[in-house]
Structure formats: structure tokens, C-alpha cells
Amino acid sequence: MAAEGASESLQRAGDSVIDAADEAARKGVDGLQPFLDHTLLQFSGVSITVGGILAAVVAVLVAVVVSALLRRALNRYGERQPNASRASIYTLSRVVHYAFIAVGLLLALEFIGIPVAKFTVFAGAIGVGLGFGLQAIFNNFISGLILLFDRSLKVGDFVELESGVHGEVQAIQIRATRIVTNDNIDILVPNSEFVSGRVVNWTYRDVSRRIRVPFGVAYGTDKELVKKAALEAAAEVPFTLALDGPRKPQVWLVEFGDSSLNFELVTWLTAEATKRPATVKAAYLWALETALAQHGIEIPFPQRDLHLRSIFGQQGDAALAAFRRNAQAADDDGADAPRAPALAHDEREALSSNDATLDVQQGGAELAEGAEREDNTDNDARER
């Protein structure tokens, strides 16, 4: 009986404590309620209170936190799945972020006391603002959405703008797109420039690209020897995609210049080299200078014809005769100088093909093959 009495006493004491806590909570809420119901602003039948503002802030914070957690989850998924598209994950994360922010703002308006149905009052003011001061910002925002959904520009693409800026796309944000150059310089480009301007996307369809490296040699140089030196230079550069096959390096004679025969070393690049065109071109020029020097091929200086009235203190025919004697002496002194080895007959035959002609023929064959594939696809579709 004593134990039962003690248990009932403890239960009554616990109930008393709970009742006291409830009473204190009710008094606290009752004391805080006037502060939360305090009206800060009232217009057009809408009352903005302290409690409504606090609830709106909480709604926006919750939306931001949930958006951040979902984006982090998407990024972790992309890191765990090597086959996942980086651009698709980025686009989805940005859309999720914008959606949650929009929902948070709508809830915040409801908590403040501004019904969304009555938001048309502010829509006119926003339209006027967009027409004057916010037109550029709104244009960039819509352009950013177009870039995200159109997929013509993705994170990781290497682009070159009409202004000459080139680099890798790192982020497509609300107002601008962040590009990082090969010198590790961050450039913020307005999104509207990508939509309305001309943009060269080096990695839009295929990561393999072809580069043309111009160089010149002296008139009278054996063009087959020039081709051999240029191909050896291409073989020395690790950025060359292939040394044989349809994408092997080629050497084109492109121009009879004022002082030189102008050639181009045309070669396909590896995927990692596509995003560094200036560095790759410098690497090929370095290898070209080395190969041309090894074969004794001269890279000429600009040349001009000079008409001399007098030389060596003489004039007329006597001056011309003196000049020829000195020139002949210089040629005799250089007769014993080492000369570049001549090409063997078989090697010359192998190098004598015109790479520019072969490139045009190969391009025509690829176009014909593509047209045939399209015809076959259309025929299959009609049969189905």
C-alpha cells in the first residue's frame, strides 16, 4: 500500500510539472503573440506583420537549404557515375535551384500576406522596371535559361567568342557565364552574348580538331624535302592524333609569297590538345624549326631587288663587274659547305603526292558516304 501511495504521489507531481510547463508555454506564446501580430505596413488591404516577415524568411532559407542539399546529391551522383553526363547534371541542378527559389519566394509572399492571385498589382511595376533599368538583366537571365535547355553550350566546352576571348566554360549562372582561359583567368561573359553573337564551340560535336600551322621556305627549295621535314616535325609533337590513316598529317603548298614558298602543316589534334590551340601551334612551330634546320632548309628573310648606281667606288659596267667578282668569290668559298642529303628516288616518289588534292577527294568521299547513309535511313523508315 505504501508503494502504491508513493507511485500515485510521483504521478501527481509529474502531472503538476507538465501542467506548469504548458501554462508557462501558453503565457509565453500569449506574451509573444502581440509582437508577432504587430503591423509594420498596411496598404491596399494587405497588412505586413512581424510574424509574416519571420515566416517568409524561414521559407526562403528552407528553400535555399533544400536546393543546396539536392544539388550536392546530384554532384555526388555524377562523381560516382563515370558515364553520367556532366552537362546534364549541371543543367538539372540549376533548374532545381531556380525552381526551389521560386517556390520559396511564392510561399514567402503568402506568409507576408500578399496573395499570389493579387500579385498582379506588383506585376505592372515589375514590367515597368524591366522596360527601363532591368532590361539587360532580364535578357541575360532568359538567355541563360536558353543555354541550359538548348544544350548548344555546356559546362566543359571550349569556346571562342567573336571578341577573341577563348576558354573553357566553367559555370552558366543567372546573369553571366564564367569562362576560364588557358592562362587561368576567369572571364564573366553576359549570357546574351552567347545567344545573339557568333560563338565558335570547339568541342560541340567532336573533340578532335584539325590545325593549320603556316611556315615559309626559300624559293628553289625541294618541296618533297620540305614535306619530309614537316612530317618529321609532326611525328615529334605528342599532340598529333595519328601518323597514318585518313587523319594523318599533311603538307600543303598554299601560296607563292613575295619572299618565300608558303606551306601549311595540316594535322589532327588529340582531345586534350583541342582546348589549347595557341600552345599547340607553338609546339609545332618549335618542331618545324628544328626539322627544317636538320635538313638544311632555309627560312628566308624578306627580299628586295636593289638597283645600285655605284659600288666599290666604281660606276656603270665597272661596278657591275666588281659586284659579280665578289659574288663569285663568295660562292667559291661556300662550295665546300656541307649540303643537305638528297632524297632517294623511292622516298621522293612517296612524298610527291599532293596532300591538298587528296584531302579534297577524301572530303568528297565522306560526303557521298554520309548521303548514302541518310538515304538508307530514310528507306528503312519508310519500310517500317
# chains A, B, ... in the order shown; residues from 1 in each chain; ligands from 1
>>> residues_around(residues="range 254-265 of chain A", least_positions_apart="6", cutoff="9 Å", atoms="only C-alpha atoms", output="PyMOL selection string")
chain A and resi 211-221+226-227+230-231+234+284+299-304
>>> write_last_selection(atoms="N, CA and C atoms", output="PDB file, in the first residue's frame")
ATOM      1  N   ILE A 211      44.341  21.482 -87.103  1.00  0.00           N
ATOM      2  CA  ILE A 211      45.021  22.759 -87.004  1.00  0.00           C
ATOM      3  C   ILE A 211      45.919  22.937 -88.216  1.00  0.00           C
ATOM      4  N   ARG A 212      46.078  24.188 -88.660  1.00  0.00           N
ATOM      5  CA  ARG A 212      46.940  24.518 -89.778  1.00  0.00           C
ATOM      6  C   ARG A 212      48.057  25.422 -89.282  1.00  0.00           C
ATOM      7  N   VAL A 213      49.282  24.977 -89.452  1.00  0.00           N
ATOM      8  CA  VAL A 213      50.449  25.716 -88.979  1.00  0.00           C
ATOM      9  C   VAL A 213      51.198  26.247 -90.199  1.00  0.00           C
ATOM     10  N   PRO A 214      51.165  27.544 -90.459  1.00  0.00           N
ATOM     11  CA  PRO A 214      51.843  28.090 -91.649  1.00  0.00           C
ATOM     12  C   PRO A 214      53.344  28.253 -91.412  1.00  0.00           C
ATOM     13  N   PHE A 215      54.135  28.066 -92.479  1.00  0.00           N
ATOM     14  CA  PHE A 215      55.579  28.326 -92.447  1.00  0.00           C
ATOM     15  C   PHE A 215      56.050  28.552 -93.876  1.00  0.00           C
ATOM     16  N   GLY A 216      57.191  29.182 -94.023  1.00  0.00           N
ATOM     17  CA  GLY A 216      57.710  29.503 -95.349  1.00  0.00           C
ATOM     18  C   GLY A 216      59.154  29.063 -95.510  1.00  0.00           C
ATOM     19  N   VAL A 217      59.547  28.739 -96.752  1.00  0.00           N
ATOM     20  CA  VAL A 217      60.926  28.352 -97.075  1.00  0.00           C
ATOM     21  C   VAL A 217      61.367  29.162 -98.287  1.00  0.00           C
ATOM     22  N   ALA A 218      62.654  29.132 -98.531  1.00  0.00           N
ATOM     23  CA  ALA A 218      63.214  29.922 -99.627  1.00  0.00           C
ATOM     24  C   ALA A 218      62.814  29.338-100.971  1.00  0.00           C
ATOM     25  N   TYR A 219      62.695  30.207-101.963  1.00  0.00           N
ATOM     26  CA  TYR A 219      62.435  29.761-103.333  1.00  0.00           C
ATOM     27  C   TYR A 219      63.589  28.874-103.805  1.00  0.00           C
ATOM     28  N   GLY A 220      63.245  27.845-104.560  1.00  0.00           N
ATOM     29  CA  GLY A 220      64.234  26.910-105.054  1.00  0.00           C
ATOM     30  C   GLY A 220      64.434  25.705-104.156  1.00  0.00           C
ATOM     31  N   THR A 221      63.783  25.671-102.981  1.00  0.00           N
ATOM     32  CA  THR A 221      63.904  24.533-102.072  1.00  0.00           C
ATOM     33  C   THR A 221      63.096  23.361-102.607  1.00  0.00           C
ATOM     34  N   VAL A 226      60.896  19.493 -98.138  1.00  0.00           N
ATOM     35  CA  VAL A 226      60.127  20.281 -97.171  1.00  0.00           C
ATOM     36  C   VAL A 226      59.024  19.427 -96.554  1.00  0.00           C
ATOM     37  N   LYS A 227      58.339  18.651 -97.385  1.00  0.00           N
ATOM     38  CA  LYS A 227      57.275  17.783 -96.889  1.00  0.00           C
ATOM     39  C   LYS A 227      57.816  16.754 -95.908  1.00  0.00           C
ATOM     40  N   ALA A 230      58.552  18.492 -92.593  1.00  0.00           N
ATOM     41  CA  ALA A 230      57.336  18.855 -91.861  1.00  0.00           C
ATOM     42  C   ALA A 230      56.662  17.633 -91.249  1.00  0.00           C
ATOM     43  N   LEU A 231      56.647  16.509 -91.966  1.00  0.00           N
ATOM     44  CA  LEU A 231      56.050  15.284 -91.416  1.00  0.00           C
ATOM     45  C   LEU A 231      56.866  14.766 -90.246  1.00  0.00           C
ATOM     46  N   ALA A 234      55.830  16.839 -87.325  1.00  0.00           N
ATOM     47  CA  ALA A 234      54.533  16.413 -86.786  1.00  0.00           C
ATOM     48  C   ALA A 234      54.652  15.149 -85.955  1.00  0.00           C
ATOM     49  N   TYR A 284      54.231  23.010 -82.511  1.00  0.00           N
ATOM     50  CA  TYR A 284      54.516  22.598 -83.894  1.00  0.00           C
ATOM     51  C   TYR A 284      55.550  23.523 -84.547  1.00  0.00           C
ATOM     52  N   ILE A 299      64.808  29.248 -93.892  1.00  0.00           N
ATOM     53  CA  ILE A 299      63.625  30.078 -93.661  1.00  0.00           C
ATOM     54  C   ILE A 299      64.022  31.493 -94.038  1.00  0.00           C
ATOM     55  N   PRO A 300      63.520  32.036 -95.151  1.00  0.00           N
ATOM     56  CA  PRO A 300      64.104  33.262 -95.720  1.00  0.00           C
ATOM     57  C   PRO A 300      63.687  34.516 -94.972  1.00  0.00           C
ATOM     58  N   PHE A 301      64.550  35.528 -95.115  1.00  0.00           N
ATOM     59  CA  PHE A 301      64.199  36.879 -94.706  1.00  0.00           C
ATOM     60  C   PHE A 301      63.451  37.553 -95.856  1.00  0.00           C
ATOM     61  N   PRO A 302      62.747  38.641 -95.568  1.00  0.00           N
ATOM     62  CA  PRO A 302      62.120  39.392 -96.676  1.00  0.00           C
ATOM     63  C   PRO A 302      63.172  39.857 -97.684  1.00  0.00           C
ATOM     64  N   GLN A 303      62.884  39.725 -98.963  1.00  0.00           N
ATOM     65  CA  GLN A 303      63.846  40.023-100.023  1.00  0.00           C
ATOM     66  C   GLN A 303      63.360  41.201-100.853  1.00  0.00           C
ATOM     67  N   ARG A 304      64.323  42.018-101.301  1.00  0.00           N
ATOM     68  CA  ARG A 304      64.045  43.159-102.163  1.00  0.00           C
ATOM     69  C   ARG A 304      65.119  43.239-103.247  1.00  0.00           C
TER      70      ARG A 304
END
>>> select_by_dssp(residues="range 128-239 of chain A", states="helix (DSSP H, G or I)", output="PyMOL selection string")
chain A and resi 128-131+135-150+191-196+223-236
>>> residues_around(residues="Thr279 in chain A", least_positions_apart="2", cutoff="12 Å", atoms="only C-alpha atoms", output="number ranges by chain")
A: 182-183, 211, 213, 237, 239, 272-277, 281-286
>>> residues_around(residues="Leu148 in chain A", least_positions_apart="4", cutoff="9 Å", atoms="only C-alpha atoms", output="PDB file with N, CA and C atoms, in the first residue's frame")
ATOM      1  N   ALA A  87      27.259  17.785 -68.258  1.00  0.00           N
ATOM      2  CA  ALA A  87      26.416  18.908 -68.661  1.00  0.00           C
ATOM      3  C   ALA A  87      24.961  18.702 -68.233  1.00  0.00           C
ATOM      4  N   SER A  88      24.439  17.467 -68.358  1.00  0.00           N
ATOM      5  CA  SER A  88      23.050  17.196 -67.966  1.00  0.00           C
ATOM      6  C   SER A  88      22.860  17.373 -66.468  1.00  0.00           C
ATOM      7  N   TYR A  90      24.633  19.264 -64.499  1.00  0.00           N
ATOM      8  CA  TYR A  90      24.704  20.700 -64.194  1.00  0.00           C
ATOM      9  C   TYR A  90      23.391  21.396 -64.546  1.00  0.00           C
ATOM     10  N   THR A  91      22.836  21.083 -65.714  1.00  0.00           N
ATOM     11  CA  THR A  91      21.578  21.703 -66.116  1.00  0.00           C
ATOM     12  C   THR A  91      20.456  21.363 -65.137  1.00  0.00           C
ATOM     13  N   LEU A  92      20.374  20.093 -64.745  1.00  0.00           N
ATOM     14  CA  LEU A  92      19.332  19.674 -63.796  1.00  0.00           C
ATOM     15  C   LEU A  92      19.502  20.380 -62.461  1.00  0.00           C
ATOM     16  N   ARG A  94      20.835  23.333 -61.867  1.00  0.00           N
ATOM     17  CA  ARG A  94      20.440  24.734 -61.961  1.00  0.00           C
ATOM     18  C   ARG A  94      18.917  24.882 -62.015  1.00  0.00           C
ATOM     19  N   VAL A  95      18.252  23.985 -62.752  1.00  0.00           N
ATOM     20  CA  VAL A  95      16.789  24.049 -62.829  1.00  0.00           C
ATOM     21  C   VAL A  95      16.177  23.788 -61.455  1.00  0.00           C
ATOM     22  N   SER A 143      18.447  34.417 -71.507  1.00  0.00           N
ATOM     23  CA  SER A 143      19.497  33.810 -72.328  1.00  0.00           C
ATOM     24  C   SER A 143      20.174  32.655 -71.593  1.00  0.00           C
ATOM     25  N   GLY A 144      20.360  32.793 -70.276  1.00  0.00           N
ATOM     26  CA  GLY A 144      20.925  31.695 -69.502  1.00  0.00           C
ATOM     27  C   GLY A 144      20.039  30.466 -69.515  1.00  0.00           C
ATOM     28  N   SER A 152      23.326  23.977 -76.618  1.00  0.00           N
ATOM     29  CA  SER A 152      24.340  24.400 -77.586  1.00  0.00           C
ATOM     30  C   SER A 152      25.623  24.809 -76.893  1.00  0.00           C
ATOM     31  N   LEU A 153      25.542  25.093 -75.604  1.00  0.00           N
ATOM     32  CA  LEU A 153      26.713  25.441 -74.805  1.00  0.00           C
ATOM     33  C   LEU A 153      26.611  24.702 -73.484  1.00  0.00           C
ATOM     34  N   LYS A 154      27.637  23.937 -73.155  1.00  0.00           N
ATOM     35  CA  LYS A 154      27.609  23.105 -71.953  1.00  0.00           C
ATOM     36  C   LYS A 154      28.853  23.379 -71.123  1.00  0.00           C
ATOM     37  N   ILE A 172      27.369  28.296 -65.917  1.00  0.00           N
ATOM     38  CA  ILE A 172      26.353  29.129 -66.562  1.00  0.00           C
ATOM     39  C   ILE A 172      25.436  29.640 -65.459  1.00  0.00           C
TER      40      ILE A 172
END
>>> select_by_dssp(residues="range 168-200 of chain A", states="strand (DSSP E)", output="ChimeraX atom specification")
/A:168-172,176-180,186-190,199-200
>>> write_last_selection(atoms="C-alpha atoms", output="mmCIF file, in the first residue's frame")
data_model
loop_
_atom_site.group_PDB
_atom_site.id
_atom_site.type_symbol
_atom_site.label_atom_id
_atom_site.label_comp_id
_atom_site.auth_asym_id
_atom_site.auth_seq_id
_atom_site.Cartn_x
_atom_site.Cartn_y
_atom_site.Cartn_z
ATOM 1 C CA GLU A 168 36.580 26.565 -71.077
ATOM 2 C CA VAL A 169 33.038 27.066 -69.779
ATOM 3 C CA GLN A 170 33.006 26.567 -66.015
ATOM 4 C CA ALA A 171 29.527 27.759 -64.972
ATOM 5 C CA ILE A 172 26.353 29.129 -66.562
ATOM 6 C CA ALA A 176 26.723 35.661 -66.920
ATOM 7 C CA THR A 177 28.724 32.609 -67.948
ATOM 8 C CA ARG A 178 32.129 32.099 -66.363
ATOM 9 C CA ILE A 179 34.941 31.156 -68.761
ATOM 10 C CA VAL A 180 38.444 30.169 -67.644
ATOM 11 C CA ASP A 186 38.275 33.997 -65.081
ATOM 12 C CA ILE A 187 36.153 35.970 -67.552
ATOM 13 C CA LEU A 188 32.457 36.693 -66.939
ATOM 14 C CA VAL A 189 30.601 36.937 -70.252
ATOM 15 C CA PRO A 190 26.931 38.082 -70.320
ATOM 16 C CA VAL A 199 30.375 31.653 -80.892
ATOM 17 C CA VAL A 200 32.865 29.012 -82.033
#
>>> residues_around(residues="Leu343 in chain A", least_positions_apart="5", cutoff="9 Å", atoms="only C-alpha atoms", output="ChimeraX atom specification")
/A:224-225,348
>>> write_last_selection(atoms="C-alpha atoms", output="PDB file, in the first residue's frame")
ATOM      1  CA  GLU A 224      59.451  16.981-101.321  1.00  0.00           C
ATOM      2  CA  LEU A 225      62.265  17.610 -98.841  1.00  0.00           C
ATOM      3  CA  ARG A 348      60.765  11.175-103.397  1.00  0.00           C
TER       4      ARG A 348
END
>>> atom_distance(atom1="CA of Ala293 in chain A", atom2="CA of Glu232 in chain A")
12.0 Å
>>> atom_distance(atom1="CA of Ala73 in chain A", atom2="CA of Ala55 in chain A")
27.0 Å
>>> atom_distance(atom1="CA of Lys248 in chain A", atom2="CA of Val159 in chain A")
25.2 Å
>>> residues_around(residues="range 192-197 of chain A", least_positions_apart="3", cutoff="7 Å", atoms="only C-alpha atoms", output="MDAnalysis selection string")
chainID A and resid 139:140 143 162
>>> write_last_selection(atoms="N, CA and C atoms", output="short mmCIF file (atom, residue, chain, number, x, y, z; two decimals), in the first residue's frame")
data_model
loop_
_atom_site.label_atom_id
_atom_site.label_comp_id
_atom_site.auth_asym_id
_atom_site.auth_seq_id
_atom_site.Cartn_x
_atom_site.Cartn_y
_atom_site.Cartn_z
N ASN A 139 17.21 40.08 -69.88
CA ASN A 139 17.68 39.48 -71.13
C ASN A 139 18.74 38.42 -70.86
N ASN A 140 19.66 38.73 -69.96
CA ASN A 140 20.71 37.76 -69.62
C ASN A 140 20.13 36.54 -68.90
N SER A 143 18.45 34.42 -71.51
CA SER A 143 19.50 33.81 -72.33
C SER A 143 20.17 32.66 -71.59
N GLU A 162 33.31 36.05 -80.46
CA GLU A 162 33.58 36.97 -81.56
C GLU A 162 34.58 38.03 -81.17
#
>>> closest_residue(among="A:Ala108, A:Leu351, A:Ile297, A:Ile101", to="Val251 in chain A", atoms="only C-alpha atoms")
A:Leu351
